[in-house]
$ cat run.cif   # mmCIF, C-alpha atoms and all ligand atoms
data_start
#
loop_
_atom_site.label_atom_id
_atom_site.label_comp_id
_atom_site.auth_asym_id
_atom_site.auth_seq_id
_atom_site.Cartn_x
_atom_site.Cartn_y
_atom_site.Cartn_z
CA MET A 1 9.10 20.09 -1.01
CA ILE A 2 12.08 18.73 0.91
CA VAL A 3 11.04 15.48 2.56
CA ASP A 4 13.04 14.30 5.53
CA ARG A 5 12.57 12.29 8.71
CA SER A 6 11.32 15.25 10.76
CA LEU A 7 8.63 16.02 8.20
CA VAL A 8 7.50 12.38 8.20
CA GLU A 9 7.43 12.39 12.01
CA MET A 10 5.33 15.55 11.97
CA LEU A 11 2.89 14.02 9.49
CA PHE A 12 2.50 11.00 11.74
CA GLN A 13 1.97 13.21 14.80
CA GLU A 14 -0.83 15.01 12.96
CA ALA A 15 -2.35 11.66 11.98
CA GLU A 16 -2.24 10.56 15.62
CA LYS A 17 -3.96 13.76 16.76
CA GLY A 18 -6.56 13.57 14.00
CA ASN A 19 -7.15 9.79 14.29
CA TYR A 20 -6.47 9.05 10.63
CA ALA A 21 -3.90 7.10 8.63
CA ILE A 22 -1.48 8.10 5.91
CA PRO A 23 -2.08 6.07 2.75
CA HIS A 24 0.82 3.97 1.47
CA PHE A 25 0.56 2.92 -2.18
CA ASN A 26 2.85 0.39 -3.82
CA HIS A 27 3.86 1.23 -7.36
CA SER A 28 5.38 -0.90 -10.13
CA ASP A 29 6.55 1.61 -12.73
CA PHE A 30 6.40 5.27 -13.77
CA TRP A 31 2.80 5.16 -15.01
CA ASP A 32 1.27 4.07 -11.72
CA MET A 33 3.70 6.33 -9.88
CA SER A 34 2.27 9.32 -11.75
CA ALA A 35 -1.27 8.13 -10.93
CA ILE A 36 -0.35 8.18 -7.23
CA VAL A 37 1.23 11.63 -7.49
CA GLU A 38 -1.86 13.04 -9.25
CA ALA A 39 -4.23 11.46 -6.70
CA ALA A 40 -2.17 12.97 -3.84
CA LYS A 41 -2.12 16.40 -5.45
CA GLU A 42 -5.79 16.43 -6.43
CA THR A 43 -6.87 15.45 -2.92
CA LYS A 44 -4.07 17.43 -1.18
CA THR A 45 -3.19 14.31 0.81
CA PRO A 46 0.31 13.31 1.91
CA VAL A 47 1.07 9.76 0.73
CA PHE A 48 3.84 7.21 0.75
CA ILE A 49 4.81 5.87 -2.66
CA ALA A 50 6.32 2.48 -1.97
CA CYS A 51 8.66 0.36 -4.00
CA LEU A 52 9.28 -3.33 -3.41
CA PRO A 53 12.79 -4.76 -4.03
CA LYS A 54 11.22 -6.55 -7.03
CA VAL A 55 10.66 -3.14 -8.66
CA ILE A 56 14.25 -2.14 -7.91
CA ASP A 57 15.41 -5.33 -9.65
CA ALA A 58 13.27 -4.47 -12.68
CA ILE A 59 14.01 -0.74 -13.04
CA GLY A 60 17.16 0.04 -11.04
CA ILE A 61 17.59 1.79 -7.71
CA GLU A 62 19.47 4.78 -9.13
CA LYS A 63 16.82 5.58 -11.74
CA LEU A 64 13.97 5.12 -9.25
CA GLY A 65 15.72 7.28 -6.68
CA ALA A 66 16.36 10.05 -9.22
CA VAL A 67 12.74 10.14 -10.42
CA ALA A 68 11.48 9.99 -6.83
CA LYS A 69 13.72 12.88 -5.84
CA ILE A 70 12.32 15.17 -8.57
CA THR A 71 8.80 13.97 -7.81
CA MET A 72 9.09 14.76 -4.09
CA GLU A 73 10.80 18.11 -4.67
CA GLN A 74 8.27 19.29 -7.24
CA SER A 75 5.23 18.45 -5.14
CA ASP A 76 3.53 20.92 -2.79
CA VAL A 77 1.89 17.94 -1.07
CA PRO A 78 4.27 15.70 0.92
CA ILE A 79 5.13 12.58 -1.06
CA ILE A 80 7.41 10.15 0.72
CA TYR A 81 9.30 7.68 -1.43
CA HIS A 82 9.65 4.46 0.55
CA LEU A 83 11.42 1.14 0.19
CA ASP A 84 8.97 -1.60 1.21
CA HIS A 85 9.66 -5.05 2.71
CA CYS A 86 13.36 -5.10 2.15
CA HIS A 87 15.07 -8.14 3.66
CA SER A 88 18.56 -6.87 2.88
CA VAL A 89 20.28 -4.33 5.14
CA GLU A 90 22.66 -3.43 2.29
CA THR A 91 19.78 -2.60 -0.09
CA CYS A 92 18.19 -0.42 2.63
CA LEU A 93 21.45 1.50 3.00
CA ALA A 94 21.76 1.86 -0.79
CA ALA A 95 18.17 3.17 -0.96
CA VAL A 96 19.08 5.82 1.62
CA ASP A 97 22.06 6.82 -0.55
CA TYR A 98 19.92 6.98 -3.69
CA GLY A 99 17.34 9.34 -2.19
CA TYR A 100 14.57 7.18 -0.71
CA ARG A 101 13.19 9.11 2.28
CA SER A 102 11.82 6.12 4.18
CA VAL A 103 12.91 2.47 4.24
CA MET A 104 11.41 -0.67 5.71
CA ILE A 105 13.84 -3.31 6.89
CA ASP A 106 11.84 -6.53 7.07
CA ALA A 107 13.78 -8.92 9.27
CA ALA A 108 10.66 -10.28 10.98
CA ASP A 109 11.44 -13.83 9.81
CA LEU A 110 14.54 -13.82 12.01
CA PRO A 111 14.70 -14.37 15.79
CA LEU A 112 14.06 -11.14 17.76
CA GLU A 113 17.76 -10.44 18.52
CA GLU A 114 18.64 -10.72 14.82
CA ASN A 115 15.65 -8.60 13.81
CA ILE A 116 16.84 -5.96 16.31
CA ALA A 117 20.43 -6.12 15.03
CA ALA A 118 19.33 -5.63 11.40
CA VAL A 119 16.94 -2.79 12.28
CA LYS A 120 19.64 -1.10 14.38
CA ARG A 121 22.11 -1.11 11.48
CA VAL A 122 19.54 0.50 9.18
CA VAL A 123 18.39 3.00 11.82
CA ASP A 124 21.96 4.14 12.59
CA TYR A 125 22.70 4.74 8.91
CA ALA A 126 19.33 6.20 7.94
CA HIS A 127 18.92 8.54 10.93
CA ALA A 128 22.36 10.03 10.33
CA ARG A 129 21.00 10.97 6.88
CA ASN A 130 17.56 12.10 8.07
CA VAL A 131 15.68 9.12 6.62
CA HIS A 132 12.69 7.47 8.29
CA VAL A 133 12.75 3.73 9.12
CA GLU A 134 9.98 1.12 9.50
CA ALA A 135 10.41 -2.38 10.95
CA GLU A 136 8.07 -5.36 11.35
CA ILE A 137 7.14 -7.34 14.43
CA GLY A 138 5.38 -10.69 14.28
CA LYS A 139 5.07 -12.11 10.78
CA ILE A 140 2.54 -10.70 8.33
CA LYS A 141 1.43 -13.47 5.97
CA SER A 142 2.56 -13.43 2.36
CA ALA A 143 0.13 -13.63 -0.55
CA GLY A 144 -1.09 -17.15 -1.25
CA GLU A 145 -0.26 -18.70 2.16
CA GLU A 146 -3.12 -20.89 3.38
CA GLY A 147 -5.25 -20.25 6.47
CA TYR A 148 -5.44 -17.48 9.04
CA THR A 149 -2.32 -15.98 10.66
CA PRO A 150 -1.17 -18.44 13.37
CA VAL A 151 -1.33 -16.96 16.89
CA GLU A 152 2.41 -17.45 17.35
CA THR A 153 3.20 -15.13 14.43
CA LEU A 154 0.96 -12.30 15.64
CA ALA A 155 2.90 -9.34 17.07
CA GLY A 156 3.95 -9.81 20.71
CA LEU A 157 3.64 -6.72 22.91
CA GLU A 158 6.89 -7.34 24.78
CA ASP A 159 8.80 -8.04 21.56
CA ALA A 160 7.39 -4.86 20.02
CA LYS A 161 8.42 -2.81 23.06
CA THR A 162 11.93 -4.30 23.07
CA LEU A 163 12.43 -3.74 19.35
CA VAL A 164 11.34 -0.11 19.51
CA GLU A 165 13.37 0.65 22.67
CA GLU A 166 16.56 -1.03 21.47
CA THR A 167 16.57 0.31 17.91
CA GLY A 168 14.90 3.73 17.99
CA VAL A 169 12.95 2.72 14.87
CA ASP A 170 10.37 5.27 13.65
CA ALA A 171 7.38 3.14 12.63
CA LEU A 172 6.26 -0.40 13.27
CA ALA A 173 4.38 -2.81 11.02
CA VAL A 174 2.37 -5.05 13.31
CA SER A 175 1.10 -8.53 12.55
CA ILE A 176 -2.52 -8.34 13.76
CA GLY A 177 -4.08 -10.79 11.30
CA SER A 178 -3.93 -8.82 8.04
CA GLU A 179 -2.39 -10.57 5.03
CA HIS A 180 -0.74 -9.59 1.78
CA GLY A 181 -2.66 -10.26 -1.44
CA PHE A 182 -6.41 -10.64 -1.86
CA TYR A 183 -7.97 -12.57 1.05
CA GLN A 184 -9.08 -16.15 0.55
CA HIS A 185 -11.31 -15.85 3.62
CA THR A 186 -12.95 -13.06 5.62
CA PRO A 187 -10.14 -10.92 7.08
CA LYS A 188 -9.89 -11.25 10.86
CA LEU A 189 -8.01 -8.46 12.64
CA ASP A 190 -7.06 -8.62 16.31
CA TYR A 191 -8.24 -5.18 17.48
CA ASP A 192 -7.54 -5.93 21.16
CA LEU A 193 -3.93 -6.69 20.37
CA LEU A 194 -3.70 -3.55 18.24
CA GLU A 195 -5.11 -1.33 20.98
CA LYS A 196 -2.80 -2.89 23.55
CA ILE A 197 0.26 -2.24 21.38
CA HIS A 198 -0.94 1.29 20.56
CA SER A 199 -1.36 2.16 24.24
CA HIS A 200 2.18 0.98 25.12
CA ILE A 201 4.18 2.08 22.09
CA GLN A 202 4.77 5.63 20.94
CA VAL A 203 5.82 5.02 17.32
CA PRO A 204 3.18 4.97 14.54
CA LEU A 205 1.73 1.53 13.77
CA VAL A 206 1.35 0.29 10.21
CA LEU A 207 -1.34 -1.97 8.76
CA HIS A 208 -0.03 -4.10 5.89
CA GLY A 209 -2.19 -6.06 3.48
CA GLY A 210 -4.83 -3.37 2.97
CA SER A 211 -6.28 -4.82 -0.27
CA GLY A 212 -9.49 -6.70 0.46
CA ILE A 213 -10.02 -5.53 4.05
CA PRO A 214 -13.56 -4.10 4.24
CA GLU A 215 -13.80 -0.34 4.75
CA GLU A 216 -15.37 -0.61 8.23
CA SER A 217 -12.55 -2.91 9.40
CA VAL A 218 -9.89 -0.52 8.10
CA ARG A 219 -11.63 2.37 9.90
CA ARG A 220 -11.81 0.33 13.10
CA ALA A 221 -8.09 -0.43 12.82
CA ILE A 222 -7.36 3.29 12.32
CA SER A 223 -9.44 4.12 15.39
CA GLY A 224 -7.45 1.43 17.24
CA GLY A 225 -4.15 3.18 16.43
CA ILE A 226 -3.12 2.41 12.84
CA ARG A 227 -1.40 5.45 11.30
CA LYS A 228 -0.38 4.07 7.88
CA VAL A 229 -2.38 1.71 5.66
CA ASN A 230 -0.45 -0.19 2.99
CA VAL A 231 -2.19 -1.02 -0.28
CA GLY A 232 -0.57 -2.88 -3.17
CA THR A 233 -2.54 -5.74 -4.71
CA HIS A 234 -5.71 -3.69 -5.29
CA ILE A 235 -3.68 -1.13 -7.26
CA ARG A 236 -1.77 -3.72 -9.32
CA HIS A 237 -4.92 -5.68 -10.07
CA THR A 238 -6.76 -2.56 -11.23
CA TYR A 239 -3.77 -1.49 -13.30
CA ILE A 240 -3.28 -4.82 -15.07
CA THR A 241 -6.97 -5.52 -15.72
CA SER A 242 -7.41 -1.95 -17.03
CA VAL A 243 -4.52 -2.37 -19.46
CA GLY A 244 -6.14 -5.61 -20.62
CA GLU A 245 -9.52 -3.91 -21.07
CA ALA A 246 -7.99 -0.98 -22.95
CA ILE A 247 -6.13 -3.27 -25.35
CA GLN A 248 -9.33 -5.27 -25.87
CA ASP A 249 -11.33 -2.08 -26.60
CA MET A 250 -8.83 -0.02 -28.56
CA GLY A 251 -6.69 -2.71 -30.15
CA PRO A 252 -2.99 -3.53 -29.80
CA MET A 253 -1.94 -0.81 -32.28
CA THR A 254 -3.10 1.91 -29.87
CA HIS A 255 -0.28 4.07 -28.51
CA THR A 256 0.97 2.99 -25.08
CA ALA A 257 0.23 6.48 -23.71
CA ASP A 258 -3.48 6.12 -24.62
CA ILE A 259 -3.70 2.63 -23.09
CA MET A 260 -2.01 3.92 -19.96
CA ALA A 261 -4.22 7.01 -19.75
CA TYR A 262 -7.20 4.66 -19.44
CA ALA A 263 -5.44 2.49 -16.83
CA LYS A 264 -4.30 5.54 -14.89
CA LYS A 265 -7.85 6.89 -14.68
CA ASN A 266 -9.07 3.62 -13.11
CA VAL A 267 -6.08 3.36 -10.78
CA LYS A 268 -6.63 6.94 -9.62
CA GLN A 269 -10.21 6.13 -8.73
CA VAL A 270 -9.03 3.24 -6.52
CA LEU A 271 -6.37 5.46 -4.92
CA LYS A 272 -8.85 8.22 -4.16
CA ASP A 273 -11.17 5.73 -2.54
CA TRP A 274 -8.35 4.54 -0.27
CA ILE A 275 -7.43 8.16 0.48
CA ARG A 276 -11.04 8.74 1.57
CA ILE A 277 -11.02 5.62 3.80
CA CYS A 278 -7.68 6.53 5.41
CA ALA A 279 -8.99 10.04 6.22
CA ASN A 280 -11.43 8.21 8.55
CA LYS A 281 -13.99 11.04 8.60
P1 LIG A 301 -1.61 -5.72 -0.27
O1 LIG A 301 -0.87 -6.02 -1.53
O2 LIG A 301 -2.28 -6.92 0.31
O3 LIG A 301 -2.51 -4.56 -0.39
O4 LIG A 301 -0.50 -5.33 0.82
C1 LIG A 301 0.37 -4.28 0.53
C2 LIG A 301 1.39 -4.14 1.59
O5 LIG A 301 1.18 -4.46 2.73
C3 LIG A 301 2.67 -3.57 1.17
O6 LIG A 301 3.55 -3.42 2.22
#

$ encode --input "run.cif" --output "structure tokens" --more "lines below"
Ligand code: 13P
Amino acid sequence: MIVDRSLVEMLFQEAEKGNYAIPHFNHSDFWDMSAIVEAAKETKTPVFIACLPKVIDAIGIEKLGAVAKITMEQSDVPIIYHLDHCHSVETCLAAVDYGYRSVMIDAADLPLEENIAAVKRVVDYAHARNVHVEAEIGKIKSAGEEGYTPVETLAGLEDAKTLVEETGVDALAVSIGSEHGFYQHTPKLDYDLLEKIHSHIQVPLVLHGGSGIPEESVRRAISGGIRKVNVGTHIRHTYITSVGEAIQDMGPMTHTADIMAYAKKNVKQVLKDWIRICANK
């Protein structure tokens, strides 16, 4: 299937109509990537496969883009290969050139005008090549940072409106209290803020930091307007612990493919559970 910006927009429109979210799964290599592809195909669910700049540094943008291109083309179910949390405009542009079909420019650490300027540069380049763009407003906490999200780094409605209007960005990650990494306290999401943003802003809203948010809270966020749920840590944790278990059980002389088959089975179970939650039925 050919994946381009209009297809992604259509998928988000369907999600808005149906009150569900598209799952976004972060991958680290080709094994977990194939687990995500299989889970999408077996459940017939469109998904984002997301790659952090860290993964680009480890594997190479050209190789990742080439594998993603074949993967997207060969799939009957829409699979959108996405660059996640990229602070560099140049890397976003390179990802567009190498075949990523969606990119997130994360300039949320910068003052609003600079965030807008960075997003605008990526949007201009990506839209001319039919690639979808996500930006962030407010600051979503990184893994390991202490305490709850400070009020001043939650998404501001006016800032969100300005960013969307001035850049034409396609999707918006909103800081509503979710955090990256496993939670060190009970997650606290600001549903009022979410609903307010959803009622004023047309572009799909994205919930980051899915791992560790209880199912009922994720569903409530979807009902409040979230159209993409990002999950990373839960997948990585399952993957790594499963590899450890498999080595423990089968011994270090076992072929990598057999160790990975075990890990993939466990990862797929986690993915399918998230797919079920995002469907919000
Ligand atoms: P978690 O790792 O907390 O699930 O967050 C993933 C994420 O938001 C990626 O953008």

$ residues_around --input "run.cif" --residues "A:Ala263" --least-positions-apart "6" --cutoff "8 Å" --atoms "all atoms listed in the file" --output "list in words"
Thr238, Tyr239, Ile240, Ser242, Val243 and Ala246 of chain A

$ residues_around --input "run.cif" --residues "A:Val77" --least-positions-apart "2" --cutoff "10 Å" --atoms "only C-alpha atoms" --output "count of residues only"
16

$ residues_near_ligand --input "run.cif" --ligand "ligand LIG 301 (chain A)" --cutoff "6 Å" --atoms "only C-alpha atoms and all ligand atoms" --output "JSON, numbers by chain"
{"A": [84, 179, 180, 181, 182, 208, 209, 210, 211, 230, 231, 232, 233, 234]}

$ atom_distance --input "run.cif" --atom1 "atom CA of A:Val96" --atom2 "atom CA of A:Pro111"
25.1 Å

$ atom_distance --input "run.cif" --atom1 "atom CA of A:Gly225" --atom2 "atom CA of A:Val203"
10.2 Å

$ closest_residue --input "run.cif" --among "A:Arg5, A:His200, A:His85, A:Lys69" --to "A:Pro53" --atoms "all atoms listed in the file"
A:His85

$ residues_around --input "run.cif" --residues "stretch 106-109 of chain A" --least-positions-apart "6" --cutoff "7 Å" --atoms "all atoms listed in the file" --output "mmCIF file with C-alpha atoms, keeping the file's coordinate frame"
data_model
loop_
_atom_site.group_PDB
_atom_site.id
_atom_site.type_symbol
_atom_site.label_atom_id
_atom_site.label_comp_id
_atom_site.auth_asym_id
_atom_site.auth_seq_id
_atom_site.Cartn_x
_atom_site.Cartn_y
_atom_site.Cartn_z
ATOM 1 C CA HIS A 85 9.660 -5.050 2.710
ATOM 2 C CA CYS A 86 13.360 -5.100 2.150
ATOM 3 C CA HIS A 87 15.070 -8.140 3.660
ATOM 4 C CA ASN A 115 15.650 -8.600 13.810
ATOM 5 C CA ALA A 118 19.330 -5.630 11.400
ATOM 6 C CA ALA A 135 10.410 -2.380 10.950
ATOM 7 C CA GLU A 136 8.070 -5.360 11.350
ATOM 8 C CA ILE A 137 7.140 -7.340 14.430
ATOM 9 C CA GLY A 138 5.380 -10.690 14.280
ATOM 10 C CA LYS A 139 5.070 -12.110 10.780
#

$ atom_distance --input "run.cif" --atom1 "atom CA of A:Glu158" --atom2 "atom CA of A:Ile197"
9.0 Å

$ closest_residue --input "run.cif" --among "A:Gly147, A:Ile176, A:Glu38, A:Leu112" --to "A:Gln269" --atoms "all atoms listed in the file"
A:Glu38

$ closest_residue --input "run.cif" --among "A:Ser88, A:Thr71, A:Thr256, A:Thr167" --to "A:Val133" --atoms "all atoms listed in the file"
A:Thr167

$ closest_residue --input "run.cif" --among "A:Ile201, A:Val123, A:Leu7, A:Ala143" --to "A:Lys161" --atoms "all atoms listed in the file"
A:Ile201

$ residues_around --input "run.cif" --residues "A:Leu64" --least-positions-apart "6" --cutoff "9 Å" --atoms "all atoms listed in the file" --output "MDAnalysis selection string"
chainID A and resid 29:30 51 55:56 98:100

$ residues_near_point --input "run.cif" --point "(5.6, 14.4, 14.7)" --cutoff "12 Å" --atoms "only C-alpha atoms" --output "VMD selection string"
chain A and resid 4 to 17 132 170 to 171 202 to 204 227

$ closest_residue --input "run.cif" --among "A:Ile59, A:Leu172, A:Val218, A:Met104" --to "A:Ile275" --atoms "all atoms listed in the file"
A:Val218

$ residues_around --input "run.cif" --residues "A:Ser217" --least-positions-apart "5" --cutoff "9 Å" --atoms "all atoms listed in the file" --output "count of residues only"
4

$ closest_residue --input "run.cif" --among "A:Ala257, A:Ile277, A:His198, A:Asn26" --to "A:Ile213" --atoms "all atoms listed in the file"
A:Ile277

$ decode --input "run.cif" --residues "stretch 158-267 of chain A" --atoms "C-alpha atoms" --output "short mmCIF file (atom, residue, chain, number, x, y, z; two decimals), in the first residue's frame"
data_model
loop_
_atom_site.label_atom_id
_atom_site.label_comp_id
_atom_site.auth_asym_id
_atom_site.auth_seq_id
_atom_site.Cartn_x
_atom_site.Cartn_y
_atom_site.Cartn_z
CA GLU A 158 -3.85 29.67 22.97
CA ASP A 159 -0.33 28.41 22.22
CA ALA A 160 -1.78 25.26 20.66
CA LYS A 161 -4.14 27.30 18.48
CA THR A 162 -1.35 29.65 17.37
CA LEU A 163 1.02 26.80 16.56
CA VAL A 164 -1.54 24.95 14.47
CA GLU A 165 -2.75 28.10 12.65
CA GLU A 166 0.73 29.42 11.87
CA THR A 167 2.32 26.15 10.76
CA GLY A 168 -0.43 24.03 9.21
CA VAL A 169 0.91 21.05 11.18
CA ASP A 170 -1.10 17.81 10.84
CA ALA A 171 -1.13 16.38 14.38
CA LEU A 172 -0.40 17.72 17.83
CA ALA A 173 1.15 16.00 20.84
CA VAL A 174 -0.35 17.66 23.89
CA SER A 175 1.14 17.81 27.36
CA ILE A 176 -1.84 16.87 29.55
CA GLY A 177 0.05 15.16 32.39
CA SER A 178 1.21 11.95 30.72
CA GLU A 179 4.91 11.09 31.01
CA HIS A 180 7.45 9.01 29.14
CA GLY A 181 8.72 5.83 30.82
CA PHE A 182 6.98 3.79 33.50
CA TYR A 183 5.20 6.03 36.04
CA GLN A 184 6.67 6.50 39.50
CA HIS A 185 3.26 7.64 40.75
CA THR A 186 -0.38 7.27 39.70
CA PRO A 187 -0.75 8.95 36.29
CA LYS A 188 -2.83 12.12 36.46
CA LEU A 189 -4.28 13.32 33.14
CA ASP A 190 -5.97 16.70 32.73
CA TYR A 191 -9.14 15.64 30.87
CA ASP A 192 -10.70 19.13 31.07
CA LEU A 193 -7.69 20.62 29.32
CA LEU A 194 -7.79 17.85 26.72
CA GLU A 195 -11.48 18.38 25.98
CA LYS A 196 -10.98 22.13 25.75
CA ILE A 197 -8.13 21.72 23.24
CA HIS A 198 -10.10 19.10 21.29
CA SER A 199 -13.12 21.38 20.97
CA HIS A 200 -11.01 24.29 19.61
CA ILE A 201 -8.47 22.51 17.43
CA GLN A 202 -9.19 20.51 14.31
CA VAL A 203 -5.97 18.48 14.03
CA PRO A 204 -5.72 15.04 15.70
CA LEU A 205 -4.34 15.09 19.25
CA VAL A 206 -1.67 12.64 20.39
CA LEU A 207 -1.18 11.09 23.82
CA HIS A 208 2.48 10.36 24.55
CA GLY A 209 3.74 8.20 27.39
CA GLY A 210 1.16 5.42 27.01
CA SER A 211 3.10 2.78 28.99
CA GLY A 212 1.71 2.49 32.50
CA ILE A 213 -1.46 4.54 32.01
CA PRO A 214 -4.37 2.35 33.19
CA GLU A 215 -6.74 1.14 30.47
CA GLU A 216 -9.73 3.15 31.76
CA SER A 217 -7.67 6.37 31.73
CA VAL A 218 -6.49 5.74 28.17
CA ARG A 219 -10.11 5.12 27.10
CA ARG A 220 -11.22 8.31 28.84
CA ALA A 221 -8.49 10.25 27.04
CA ILE A 222 -9.62 8.75 23.70
CA SER A 223 -13.20 9.76 24.46
CA GLY A 224 -11.86 13.24 25.29
CA GLY A 225 -10.30 13.56 21.82
CA ILE A 226 -7.03 11.61 21.68
CA ARG A 227 -6.58 10.07 18.21
CA LYS A 228 -3.11 8.48 18.55
CA VAL A 229 -1.68 6.71 21.59
CA ASN A 230 2.10 6.37 21.76
CA VAL A 231 3.59 3.31 23.45
CA GLY A 232 7.31 2.61 23.78
CA THR A 233 8.58 1.57 27.21
CA HIS A 234 6.06 -1.26 27.66
CA ILE A 235 7.21 -2.78 24.36
CA ARG A 236 10.94 -2.39 25.07
CA HIS A 237 10.56 -3.76 28.59
CA THR A 238 8.65 -6.81 27.35
CA TYR A 239 11.17 -7.34 24.57
CA ILE A 240 14.27 -7.14 26.78
CA THR A 241 12.87 -9.21 29.66
CA SER A 242 11.65 -11.85 27.18
CA VAL A 243 15.09 -12.13 25.60
CA GLY A 244 16.52 -12.55 29.11
CA GLU A 245 13.98 -15.25 29.96
CA ALA A 246 14.59 -17.09 26.69
CA ILE A 247 18.35 -17.12 27.21
CA GLN A 248 17.83 -18.32 30.78
CA ASP A 249 15.51 -21.14 29.61
CA MET A 250 17.18 -22.22 26.38
CA GLY A 251 20.80 -21.32 27.05
CA PRO A 252 23.15 -18.88 25.31
CA MET A 253 23.97 -21.35 22.50
CA THR A 254 20.39 -21.14 21.21
CA HIS A 255 20.08 -19.54 17.77
CA THR A 256 19.18 -15.85 17.86
CA ALA A 257 16.10 -16.54 15.69
CA ASP A 258 14.70 -18.94 18.32
CA ILE A 259 15.36 -16.50 21.17
CA MET A 260 13.71 -13.75 19.16
CA ALA A 261 10.72 -15.92 18.21
CA TYR A 262 9.97 -16.23 21.93
CA ALA A 263 10.44 -12.48 22.51
CA LYS A 264 8.33 -11.62 19.48
CA LYS A 265 5.44 -13.76 20.73
CA ASN A 266 5.39 -11.86 24.05
CA VAL A 267 5.78 -8.47 22.38
#
